[in-house]
>>> print(open('entry-v8.txt').read())   # compact mmCIF, C-alpha atoms and all ligand atoms
# COMPACT_ATOMS: atom_id res chain seq x y z
CA MET A 1 -24.59 -2.27 29.55
CA ASN A 2 -22.57 0.72 28.46
CA ILE A 3 -19.08 -0.16 27.44
CA LEU A 4 -17.84 3.34 28.23
CA GLU A 5 -19.15 6.25 30.31
CA PHE A 6 -17.81 9.73 30.93
CA HIS A 7 -19.30 11.60 33.89
CA GLU A 8 -18.53 15.33 34.08
CA VAL A 9 -15.02 14.69 32.91
CA THR A 10 -12.47 17.50 32.80
CA LYS A 11 -8.86 17.33 31.73
CA ASP A 12 -6.33 20.09 32.35
CA TYR A 13 -2.76 20.07 31.13
CA ARG A 14 -0.25 22.12 33.11
CA LEU A 15 2.29 23.91 30.95
CA GLY A 16 4.61 25.75 33.33
CA GLU A 17 2.55 28.64 34.71
CA THR A 18 -0.43 28.13 32.44
CA THR A 19 -3.15 25.51 32.44
CA VAL A 20 -4.84 24.30 29.26
CA SER A 21 -8.38 23.03 29.79
CA ALA A 22 -8.65 20.34 27.12
CA LEU A 23 -11.97 18.90 28.35
CA ARG A 24 -14.45 21.05 30.27
CA GLY A 25 -17.14 18.72 31.61
CA VAL A 26 -17.86 15.90 29.19
CA ASP A 27 -20.74 13.45 29.65
CA LEU A 28 -20.85 10.59 27.21
CA ALA A 29 -22.23 7.06 27.19
CA VAL A 30 -21.17 4.52 24.60
CA GLY A 31 -23.34 1.42 24.33
CA GLU A 32 -22.20 -2.01 23.21
CA GLY A 33 -22.13 -2.22 19.40
CA GLU A 34 -22.30 1.52 18.72
CA PHE A 35 -20.42 3.26 15.90
CA ILE A 36 -19.64 6.83 16.92
CA ALA A 37 -17.73 9.60 15.23
CA VAL A 38 -16.21 12.34 17.38
CA LEU A 39 -16.11 15.39 15.15
CA GLY A 40 -14.16 18.50 16.05
CA ALA A 41 -11.60 20.99 14.85
CA SER A 42 -7.92 20.61 15.62
CA GLY A 43 -7.33 21.35 19.32
CA SER A 44 -10.95 20.73 20.33
CA GLY A 45 -10.07 17.81 22.63
CA LYS A 46 -10.58 14.68 20.46
CA SER A 47 -7.26 12.98 21.27
CA THR A 48 -7.64 13.83 24.95
CA LEU A 49 -11.08 12.22 24.99
CA LEU A 50 -9.83 9.07 23.24
CA ASN A 51 -6.80 8.78 25.54
CA LEU A 52 -9.10 8.91 28.56
CA ALA A 53 -11.44 6.37 26.93
CA GLY A 54 -8.49 3.98 26.58
CA ALA A 55 -7.21 4.53 30.14
CA ILE A 56 -4.01 5.91 28.66
CA ASP A 57 -4.49 8.99 30.81
CA ASP A 58 -6.63 9.88 33.86
CA PRO A 59 -9.15 12.74 34.06
CA THR A 60 -8.42 15.78 36.22
CA THR A 61 -11.94 15.62 37.69
CA GLY A 62 -14.98 13.48 36.96
CA GLU A 63 -15.09 9.80 36.19
CA VAL A 64 -14.36 7.57 33.22
CA ARG A 65 -15.95 4.14 33.51
CA ILE A 66 -14.77 1.41 31.18
CA ARG A 67 -16.86 -1.76 31.30
CA ASP A 68 -18.36 -0.43 34.52
CA ARG A 69 -15.04 0.05 36.30
CA ASP A 70 -13.67 3.43 37.35
CA ALA A 71 -10.55 3.70 35.17
CA ALA A 72 -8.73 6.04 37.58
CA GLY A 73 -9.09 3.46 40.36
CA LEU A 74 -7.13 0.81 38.46
CA THR A 75 -3.42 0.18 38.97
CA ASP A 76 -1.13 0.58 35.96
CA ASN A 77 -1.05 -3.19 35.59
CA GLU A 78 -4.82 -3.44 35.68
CA LYS A 79 -5.06 -0.69 33.05
CA ALA A 80 -2.58 -2.48 30.81
CA GLU A 81 -4.52 -5.70 31.27
CA LEU A 82 -7.82 -3.99 30.43
CA ARG A 83 -6.32 -2.45 27.28
CA SER A 84 -4.73 -5.68 26.19
CA ARG A 85 -7.92 -7.72 26.68
CA SER A 86 -10.70 -5.43 25.60
CA ILE A 87 -9.50 -2.39 23.65
CA GLY A 88 -7.98 -2.04 20.19
CA PHE A 89 -6.21 1.14 19.06
CA ILE A 90 -5.85 2.61 15.57
CA PHE A 91 -3.68 5.67 15.05
CA GLN A 92 -3.41 8.40 12.45
CA ASN A 93 0.14 7.39 11.45
CA PHE A 94 -0.63 3.62 11.37
CA ASN A 95 2.22 2.77 13.83
CA LEU A 96 3.30 -0.38 11.97
CA LEU A 97 6.74 -1.88 12.47
CA SER A 98 8.61 -1.29 9.23
CA VAL A 99 10.83 -4.39 9.41
CA LEU A 100 7.87 -6.73 9.75
CA THR A 101 5.50 -7.88 7.01
CA ALA A 102 1.77 -7.16 7.19
CA LEU A 103 1.23 -10.69 8.52
CA GLU A 104 3.98 -10.37 11.15
CA ASN A 105 2.68 -6.97 12.30
CA VAL A 106 -0.74 -8.46 12.96
CA MET A 107 0.65 -11.70 14.45
CA LEU A 108 2.77 -9.74 16.92
CA SER A 109 -0.35 -8.46 18.69
CA LEU A 110 -1.27 -12.05 19.52
CA GLN A 111 2.24 -13.29 20.22
CA ILE A 112 2.88 -10.66 22.89
CA ARG A 113 -0.26 -11.98 24.59
CA GLY A 114 1.16 -15.49 24.55
CA SER A 115 -0.50 -17.07 21.51
CA ARG A 116 1.36 -19.87 19.78
CA THR A 117 2.93 -18.95 16.45
CA ALA A 118 0.81 -21.28 14.33
CA ILE A 119 -2.41 -19.98 15.83
CA ALA A 120 -1.27 -16.36 15.60
CA ARG A 121 -0.41 -16.86 11.92
CA GLN A 122 -3.78 -18.38 11.14
CA GLU A 123 -5.80 -15.71 12.96
CA ALA A 124 -3.71 -12.85 11.53
CA ALA A 125 -4.10 -14.15 7.97
CA GLN A 126 -7.84 -14.42 8.48
CA ARG A 127 -8.10 -10.84 9.74
CA LEU A 128 -5.99 -9.54 6.85
CA ASP A 129 -8.25 -11.39 4.46
CA GLU A 130 -11.27 -9.71 6.06
CA VAL A 131 -9.82 -6.24 5.49
CA GLY A 132 -9.11 -7.06 1.84
CA LEU A 133 -5.38 -7.78 2.08
CA ALA A 134 -5.21 -11.52 1.40
CA ASP A 135 -2.75 -10.86 -1.42
CA TYR A 136 -0.46 -8.66 0.68
CA LEU A 137 0.40 -10.82 3.69
CA HIS A 138 4.12 -10.78 3.00
CA HIS A 139 4.48 -7.12 2.03
CA ARG A 140 6.34 -4.77 4.34
CA PRO A 141 4.65 -1.43 5.12
CA ASP A 142 6.87 0.53 2.69
CA LYS A 143 5.46 -1.61 -0.15
CA LEU A 144 1.89 -0.77 0.80
CA SER A 145 -0.21 2.33 0.11
CA GLY A 146 -1.47 4.52 2.97
CA GLY A 147 -4.92 2.95 2.77
CA GLN A 148 -3.45 -0.55 2.81
CA ARG A 149 -1.30 0.32 5.83
CA GLN A 150 -4.34 1.52 7.71
CA ARG A 151 -6.10 -1.75 6.79
CA VAL A 152 -3.19 -3.65 8.34
CA ALA A 153 -3.56 -1.50 11.46
CA ILE A 154 -7.29 -2.27 11.56
CA ALA A 155 -6.57 -6.01 11.23
CA ARG A 156 -4.02 -5.67 14.04
CA ALA A 157 -6.55 -3.89 16.28
CA LEU A 158 -9.20 -6.56 15.56
CA VAL A 159 -7.08 -9.68 15.88
CA THR A 160 -7.23 -9.77 19.68
CA ARG A 161 -11.04 -9.58 19.44
CA PRO A 162 -11.49 -6.44 21.53
CA SER A 163 -15.00 -5.24 22.31
CA LEU A 164 -14.04 -1.57 21.78
CA ILE A 165 -11.89 0.00 19.11
CA LEU A 166 -10.60 3.56 19.59
CA ALA A 167 -9.32 5.25 16.45
CA ASP A 168 -7.77 8.72 16.64
CA GLU A 169 -8.15 10.38 13.23
CA PRO A 170 -7.52 7.09 11.40
CA THR A 171 -8.05 8.80 8.04
CA ALA A 172 -6.08 12.02 8.57
CA ASN A 173 -3.17 10.92 6.36
CA LEU A 174 -5.31 9.54 3.53
CA ASP A 175 -6.91 11.07 0.45
CA HIS A 176 -10.67 11.48 0.58
CA VAL A 177 -11.64 8.37 -1.41
CA THR A 178 -9.30 6.13 0.61
CA ALA A 179 -10.45 7.78 3.84
CA GLN A 180 -14.07 7.00 3.00
CA SER A 181 -13.18 3.37 2.23
CA ILE A 182 -11.54 3.05 5.66
CA ILE A 183 -14.65 4.44 7.39
CA ASP A 184 -16.81 2.05 5.30
CA LEU A 185 -14.62 -0.88 6.34
CA MET A 186 -14.87 0.03 10.02
CA LYS A 187 -18.64 0.32 9.63
CA GLU A 188 -18.86 -3.07 7.97
CA LEU A 189 -16.85 -4.65 10.81
CA ASN A 190 -19.12 -2.93 13.31
CA GLU A 191 -22.25 -4.26 11.60
CA LYS A 192 -20.91 -7.76 10.91
CA GLU A 193 -19.06 -8.42 14.14
CA GLY A 194 -20.64 -6.03 16.61
CA VAL A 195 -17.34 -4.39 17.55
CA THR A 196 -17.93 -0.97 19.12
CA PHE A 197 -16.08 1.86 17.39
CA LEU A 198 -15.29 5.32 18.72
CA PHE A 199 -13.26 7.28 16.18
CA SER A 200 -12.34 10.90 15.72
CA THR A 201 -12.11 13.01 12.60
CA HIS A 202 -12.07 16.66 11.67
CA ASP A 203 -13.51 15.89 8.23
CA GLN A 204 -17.25 16.61 8.08
CA ARG A 205 -17.53 14.86 4.70
CA LEU A 206 -16.65 11.46 6.19
CA ILE A 207 -19.57 11.27 8.57
CA SER A 208 -22.57 11.65 6.26
CA GLU A 209 -23.66 8.05 6.88
CA VAL A 210 -22.57 7.71 10.48
CA LYS A 211 -25.60 7.32 12.72
CA ARG A 212 -24.17 8.90 15.85
CA VAL A 213 -21.92 11.92 15.71
CA VAL A 214 -20.58 13.55 18.86
CA ARG A 215 -19.46 17.11 18.15
CA ILE A 216 -16.77 18.51 20.37
CA ASP A 217 -15.96 22.19 20.51
CA ASP A 218 -13.31 23.65 22.80
CA GLY A 219 -13.51 20.75 25.25
CA ARG A 220 -17.29 20.56 25.40
CA ILE A 221 -19.76 18.25 23.71
CA ALA A 222 -21.71 20.55 21.43
CA GLN A 223 -25.08 18.86 21.00
N1 LIG B 301 0.24 16.85 26.58
C1 LIG B 301 -0.30 18.07 26.47
N2 LIG B 301 0.22 19.13 27.15
C2 LIG B 301 -0.32 20.36 27.06
N3 LIG B 301 -1.40 20.67 26.32
C3 LIG B 301 -1.95 19.67 25.62
C4 LIG B 301 -1.44 18.33 25.64
N4 LIG B 301 -2.21 17.56 24.84
C5 LIG B 301 -3.15 18.37 24.34
N5 LIG B 301 -3.01 19.62 24.79
C6 LIG B 301 -3.88 20.79 24.48
O1 LIG B 301 -5.21 20.41 24.80
C7 LIG B 301 -6.13 20.87 23.82
C8 LIG B 301 -6.85 19.70 23.18
O2 LIG B 301 -5.89 18.91 22.48
P1 LIG B 301 -6.22 17.55 21.74
O3 LIG B 301 -7.00 16.68 22.65
O4 LIG B 301 -4.95 17.02 21.21
O5 LIG B 301 -7.19 18.05 20.55
P2 LIG B 301 -7.46 17.42 19.11
O6 LIG B 301 -7.07 15.97 19.16
O7 LIG B 301 -8.92 17.64 18.88
O8 LIG B 301 -6.63 18.18 18.13
C9 LIG B 301 -5.29 21.69 22.84
O9 LIG B 301 -5.35 23.03 23.25
C10 LIG B 301 -3.91 21.13 23.01
O10 LIG B 301 -2.94 22.09 22.70
MG MG B 302 -5.80 14.86 17.98
>>> encode(input="entry-v8.txt", output="structure tokens", more="lines below")
Ligand SMILES: Nc1ncnc2c1ncn2[C@@H]1O[C@H](COP(=O)(O)OP(=O)(O)O)[C@@H](O)[C@H]1O
Ligand SMILES: [Mg+2]
Amino acid sequence: MNILEFHEVTKDYRLGETTVSALRGVDLAVGEGEFIAVLGASGSGKSTLLNLAGAIDDPTTGEVRIRDRDAAGLTDNEKAELRSRSIGFIFQNFNLLSVLTALENVMLSLQIRGSRTAIARQEAAQRLDEVGLADYLHHRPDKLSGGQRQRVAIARALVTRPSLILADEPTANLDHVTAQSIIDLMKELNEKEGVTFLFSTHDQRLISEVKRVVRIDDGRIAQ
């Protein structure tokens, strides 16, 4: 079963009198366990596509199906529920809470879903270990490098065991070597745990070993 399907999806943004066509008829199917890079220049529609994939926004026309349900047909509560149960998000600017340690940032994802503290602590520590941060559990984000922060964010996205992870330019704020190590880590998690990844980048150099690349150009899939 496909985890995600786009059928002739368009997305327009109204800005006063003008309309920006961010997506102009996108068809895309993402199978369970895939690892897909969305490659495109700034302004090509990558964030729009990922927002629709995560039911953060609805298409203007066409259909986005997430786990075989029409995302636009869900209530806000059902969307929130779907995101909280099955989708993990990773952002370009990490979005960690600065007053919390690495461990607490990852635990919080579980606690807001009702997990008991002891269980949340154990699972969060295990995920941080998996992303190579076993020695940094009690560091706050300002004591971590950019690459380490993004590893915390990856652990946080994984800790709820989502089947799909959406990452919008997760490497944009990192130097090239660190960026490559983040892509390699995501790939390893994909291969080891079968988590489906859909991530965007504008850096051609990062995708040399990615099996499936979706190129987006001015709101259209270009392949
Ligand atoms: N909220 C918005 N309101 C108006 N225009 C937007 C909005 N978000 C994105 N756009 C426009 O839609 C197009 C695609 O943007 P985006 O999806 O952010 O591309 P990318 O992530 O590839 O840089 C751009 O022209 C951008 O200016
Ligand atoms: Mg973007």
>>> residues_around(input="entry-v8.txt", residues="segment 63-69 of chain A", least_positions_apart="3", cutoff="6 Å", atoms="all atoms listed in the file", output="JSON, numbers by chain")
{"A": [3, 4, 5, 6, 7, 9]}
>>> closest_atom_pairs(input="entry-v8.txt", of="chain A", to="ligand LIG 301 (chain B)", cutoff="9 Å", atoms="only C-alpha atoms and all ligand atoms", output="CSV")
residue,atom,partner,partner_atom,distance
A:Lys11,CA,B:LIG301,O1,8.4
A:Asp12,CA,B:LIG301,O1,7.6
A:Tyr13,CA,B:LIG301,C2,4.8
A:Arg14,CA,B:LIG301,C2,6.3
A:Leu15,CA,B:LIG301,C2,5.9
A:Thr19,CA,B:LIG301,C2,8.0
A:Val20,CA,B:LIG301,N3,5.8
A:Ser21,CA,B:LIG301,O1,6.5
A:Ala22,CA,B:LIG301,O1,4.1
A:Leu23,CA,B:LIG301,C8,7.3
A:Leu39,CA,B:LIG301,O7,8.4
A:Gly40,CA,B:LIG301,O7,6.0
A:Ala41,CA,B:LIG301,O7,5.9
A:Ser42,CA,B:LIG301,O8,3.7
A:Gly43,CA,B:LIG301,O8,3.5
A:Ser44,CA,B:LIG301,O7,4.0
A:Gly45,CA,B:LIG301,O3,3.3
A:Lys46,CA,B:LIG301,O7,3.7
A:Ser47,CA,B:LIG301,O6,3.7
A:Thr48,CA,B:LIG301,O3,3.7
A:Leu49,CA,B:LIG301,O3,6.5
A:Leu50,CA,B:LIG301,O3,8.1
A:Asn51,CA,B:LIG301,O3,8.4
A:Asp168,CA,B:LIG301,O6,7.7
A:Glu169,CA,B:LIG301,O6,8.2
A:Ser200,CA,B:LIG301,O6,8.1
A:Thr201,CA,B:LIG301,O7,8.4
A:His202,CA,B:LIG301,O7,7.9
A:Ile216,CA,B:LIG301,O7,8.0
A:Asp217,CA,B:LIG301,O7,8.5
A:Asp218,CA,B:LIG301,C8,7.6
A:Gly219,CA,B:LIG301,C8,7.1
>>> closest_residue(input="entry-v8.txt", among="A:Phe35, A:Tyr136, A:Phe197, A:Phe91", to="ligand MG 302 (chain B)", atoms="only C-alpha atoms and all ligand atoms")
A:Phe91
>>> closest_residue(input="entry-v8.txt", among="A:Gly73, A:Gly33, A:Pro170, A:Gly146", to="ligand MG 302 (chain B)", atoms="all atoms listed in the file")
A:Pro170
>>> residues_around(input="entry-v8.txt", residues="Val131 of chain A", least_positions_apart="4", cutoff="7 Å", atoms="all atoms listed in the file", output="PyMOL selection string")
chain A and resi 127+151+155
>>> closest_residue(input="entry-v8.txt", among="A:Ser86, A:Asn93, A:Ser208, A:Ser163", to="Gly147 of chain A", atoms="all atoms listed in the file")
A:Asn93
>>> atom_distance(input="entry-v8.txt", atom1="atom CA of Asp70 of chain A", atom2="atom CA of Phe89 of chain A")
19.9 Å
>>> closest_residue(input="entry-v8.txt", among="A:Glu191, A:Asp57, A:Asp27, A:Glu34", to="Lys79 of chain A", atoms="only C-alpha atoms")
A:Asp57
>>> residues_around(input="entry-v8.txt", residues="His176 of chain A", least_positions_apart="5", cutoff="10 Å", atoms="all atoms listed in the file", output="list in words")
Thr171, Ser181, Ile182, Asp203, Arg205 and Leu206 of chain A
>>> atom_distance(input="entry-v8.txt", atom1="atom CA of Arg24 of chain A", atom2="atom CA of Ala55 of chain A")
18.0 Å
>>> closest_residue(input="entry-v8.txt", among="A:Ala172, A:Val213, A:Ala222, A:Leu28", to="ligand MG 302 (chain B)", atoms="only C-alpha atoms and all ligand atoms")
A:Ala172
>>> closest_residue(input="entry-v8.txt", among="A:Leu185, A:Ala167, A:Leu100, A:Leu74", to="ligand MG 302 (chain B)", atoms="all atoms listed in the file")
A:Ala167
>>> atom_distance(input="entry-v8.txt", atom1="atom CA of Val30 of chain A", atom2="atom CA of Ile221 of chain A")
13.8 Å
>>> residues_around(input="entry-v8.txt", residues="segment 103-118 of chain A", least_positions_apart="2", cutoff="8 Å", atoms="all atoms listed in the file", output="number ranges by chain")
A: 84, 96-97, 100-101, 120-125, 128, 137-138, 152-153, 155-156, 159-160
>>> residues_around(input="entry-v8.txt", residues="Ser98 of chain A", least_positions_apart="3", cutoff="10 Å", atoms="only C-alpha atoms", output="list in words")
Asn95, Thr101, Ala102, Asn105, Arg140, Pro141, Asp142 and Lys143 of chain A
>>> write_last_selection(input="entry-v8.txt", atoms="C-alpha atoms", output="PDB file, keeping the file's coordinate frame")
ATOM      1  CA  ASN A  95       2.220   2.770  13.830  1.00  0.00           C
ATOM      2  CA  THR A 101       5.500  -7.880   7.010  1.00  0.00           C
ATOM      3  CA  ALA A 102       1.770  -7.160   7.190  1.00  0.00           C
ATOM      4  CA  ASN A 105       2.680  -6.970  12.300  1.00  0.00           C
ATOM      5  CA  ARG A 140       6.340  -4.770   4.340  1.00  0.00           C
ATOM      6  CA  PRO A 141       4.650  -1.430   5.120  1.00  0.00           C
ATOM      7  CA  ASP A 142       6.870   0.530   2.690  1.00  0.00           C
ATOM      8  CA  LYS A 143       5.460  -1.610  -0.150  1.00  0.00           C
TER       9      LYS A 143
END
>>> build_atoms(input="entry-v8.txt", residues="segment 166-177 of chain A", atoms="all heavy atoms", output="short mmCIF file (atom, residue, chain, number, x, y, z; two decimals), in the frame of the given file")
data_model
loop_
_atom_site.label_atom_id
_atom_site.label_comp_id
_atom_site.auth_asym_id
_atom_site.auth_seq_id
_atom_site.Cartn_x
_atom_site.Cartn_y
_atom_site.Cartn_z
N LEU A 166 -10.77 2.11 19.55
CA LEU A 166 -10.60 3.56 19.59
C LEU A 166 -9.68 3.95 18.45
O LEU A 166 -8.59 3.40 18.32
CB LEU A 166 -9.97 3.96 20.93
CG LEU A 166 -10.75 3.56 22.17
CD1 LEU A 166 -9.93 3.82 23.43
CD2 LEU A 166 -12.08 4.31 22.24
N ALA A 167 -10.13 4.86 17.61
CA ALA A 167 -9.32 5.25 16.45
C ALA A 167 -9.21 6.77 16.41
O ALA A 167 -10.22 7.48 16.28
CB ALA A 167 -9.97 4.72 15.17
N ASP A 168 -7.99 7.27 16.58
CA ASP A 168 -7.77 8.72 16.64
C ASP A 168 -7.39 9.24 15.26
O ASP A 168 -6.27 9.03 14.81
CB ASP A 168 -6.69 9.04 17.68
CG ASP A 168 -6.67 10.52 18.03
OD1 ASP A 168 -7.56 11.26 17.54
OD2 ASP A 168 -5.77 10.94 18.77
N GLU A 169 -8.32 9.87 14.60
CA GLU A 169 -8.15 10.38 13.23
C GLU A 169 -7.50 9.34 12.31
O GLU A 169 -6.45 9.60 11.71
CB GLU A 169 -7.33 11.69 13.25
CG GLU A 169 -8.03 12.76 14.10
CD GLU A 169 -7.78 14.17 13.61
OE1 GLU A 169 -7.79 14.38 12.38
OE2 GLU A 169 -7.59 15.06 14.46
N PRO A 170 -8.14 8.18 12.19
CA PRO A 170 -7.52 7.09 11.40
C PRO A 170 -7.38 7.44 9.92
O PRO A 170 -6.64 6.77 9.22
CB PRO A 170 -8.51 5.92 11.59
CG PRO A 170 -9.82 6.57 11.89
CD PRO A 170 -9.47 7.80 12.69
N THR A 171 -8.07 8.48 9.47
CA THR A 171 -8.05 8.80 8.04
C THR A 171 -7.29 10.09 7.75
O THR A 171 -7.27 10.55 6.60
CB THR A 171 -9.49 8.96 7.52
OG1 THR A 171 -10.13 10.02 8.23
CG2 THR A 171 -10.29 7.68 7.71
N ALA A 172 -6.66 10.68 8.76
CA ALA A 172 -6.08 12.02 8.57
C ALA A 172 -4.97 12.05 7.52
O ALA A 172 -4.75 13.08 6.89
CB ALA A 172 -5.55 12.55 9.90
N ASN A 173 -4.27 10.93 7.33
CA ASN A 173 -3.17 10.92 6.36
C ASN A 173 -3.55 10.30 5.02
O ASN A 173 -2.67 9.90 4.26
CB ASN A 173 -1.96 10.18 6.94
CG ASN A 173 -1.33 10.96 8.08
OD1 ASN A 173 -1.43 12.19 8.12
ND2 ASN A 173 -0.71 10.27 9.01
N LEU A 174 -4.85 10.22 4.75
CA LEU A 174 -5.31 9.54 3.53
C LEU A 174 -6.09 10.50 2.65
O LEU A 174 -6.71 11.44 3.15
CB LEU A 174 -6.19 8.35 3.91
CG LEU A 174 -5.57 7.34 4.87
CD1 LEU A 174 -6.61 6.31 5.30
CD2 LEU A 174 -4.37 6.65 4.24
N ASP A 175 -6.08 10.26 1.34
CA ASP A 175 -6.91 11.07 0.45
C ASP A 175 -8.38 10.75 0.71
O ASP A 175 -8.70 9.75 1.36
CB ASP A 175 -6.54 10.80 -1.01
CG ASP A 175 -6.88 9.38 -1.41
OD1 ASP A 175 -8.07 9.09 -1.67
OD2 ASP A 175 -5.95 8.53 -1.43
N HIS A 176 -9.27 11.59 0.19
CA HIS A 176 -10.67 11.48 0.58
C HIS A 176 -11.31 10.13 0.23
O HIS A 176 -12.02 9.54 1.04
CB HIS A 176 -11.49 12.62 -0.04
CG HIS A 176 -12.94 12.54 0.35
ND1 HIS A 176 -13.37 12.70 1.65
CD2 HIS A 176 -14.03 12.23 -0.38
CE1 HIS A 176 -14.68 12.53 1.70
NE2 HIS A 176 -15.10 12.24 0.49
N VAL A 177 -11.02 9.63 -0.97
CA VAL A 177 -11.64 8.37 -1.41
C VAL A 177 -11.16 7.21 -0.52
O VAL A 177 -11.95 6.38 -0.06
CB VAL A 177 -11.31 8.09 -2.90
CG1 VAL A 177 -11.77 6.70 -3.31
CG2 VAL A 177 -11.98 9.15 -3.78
#
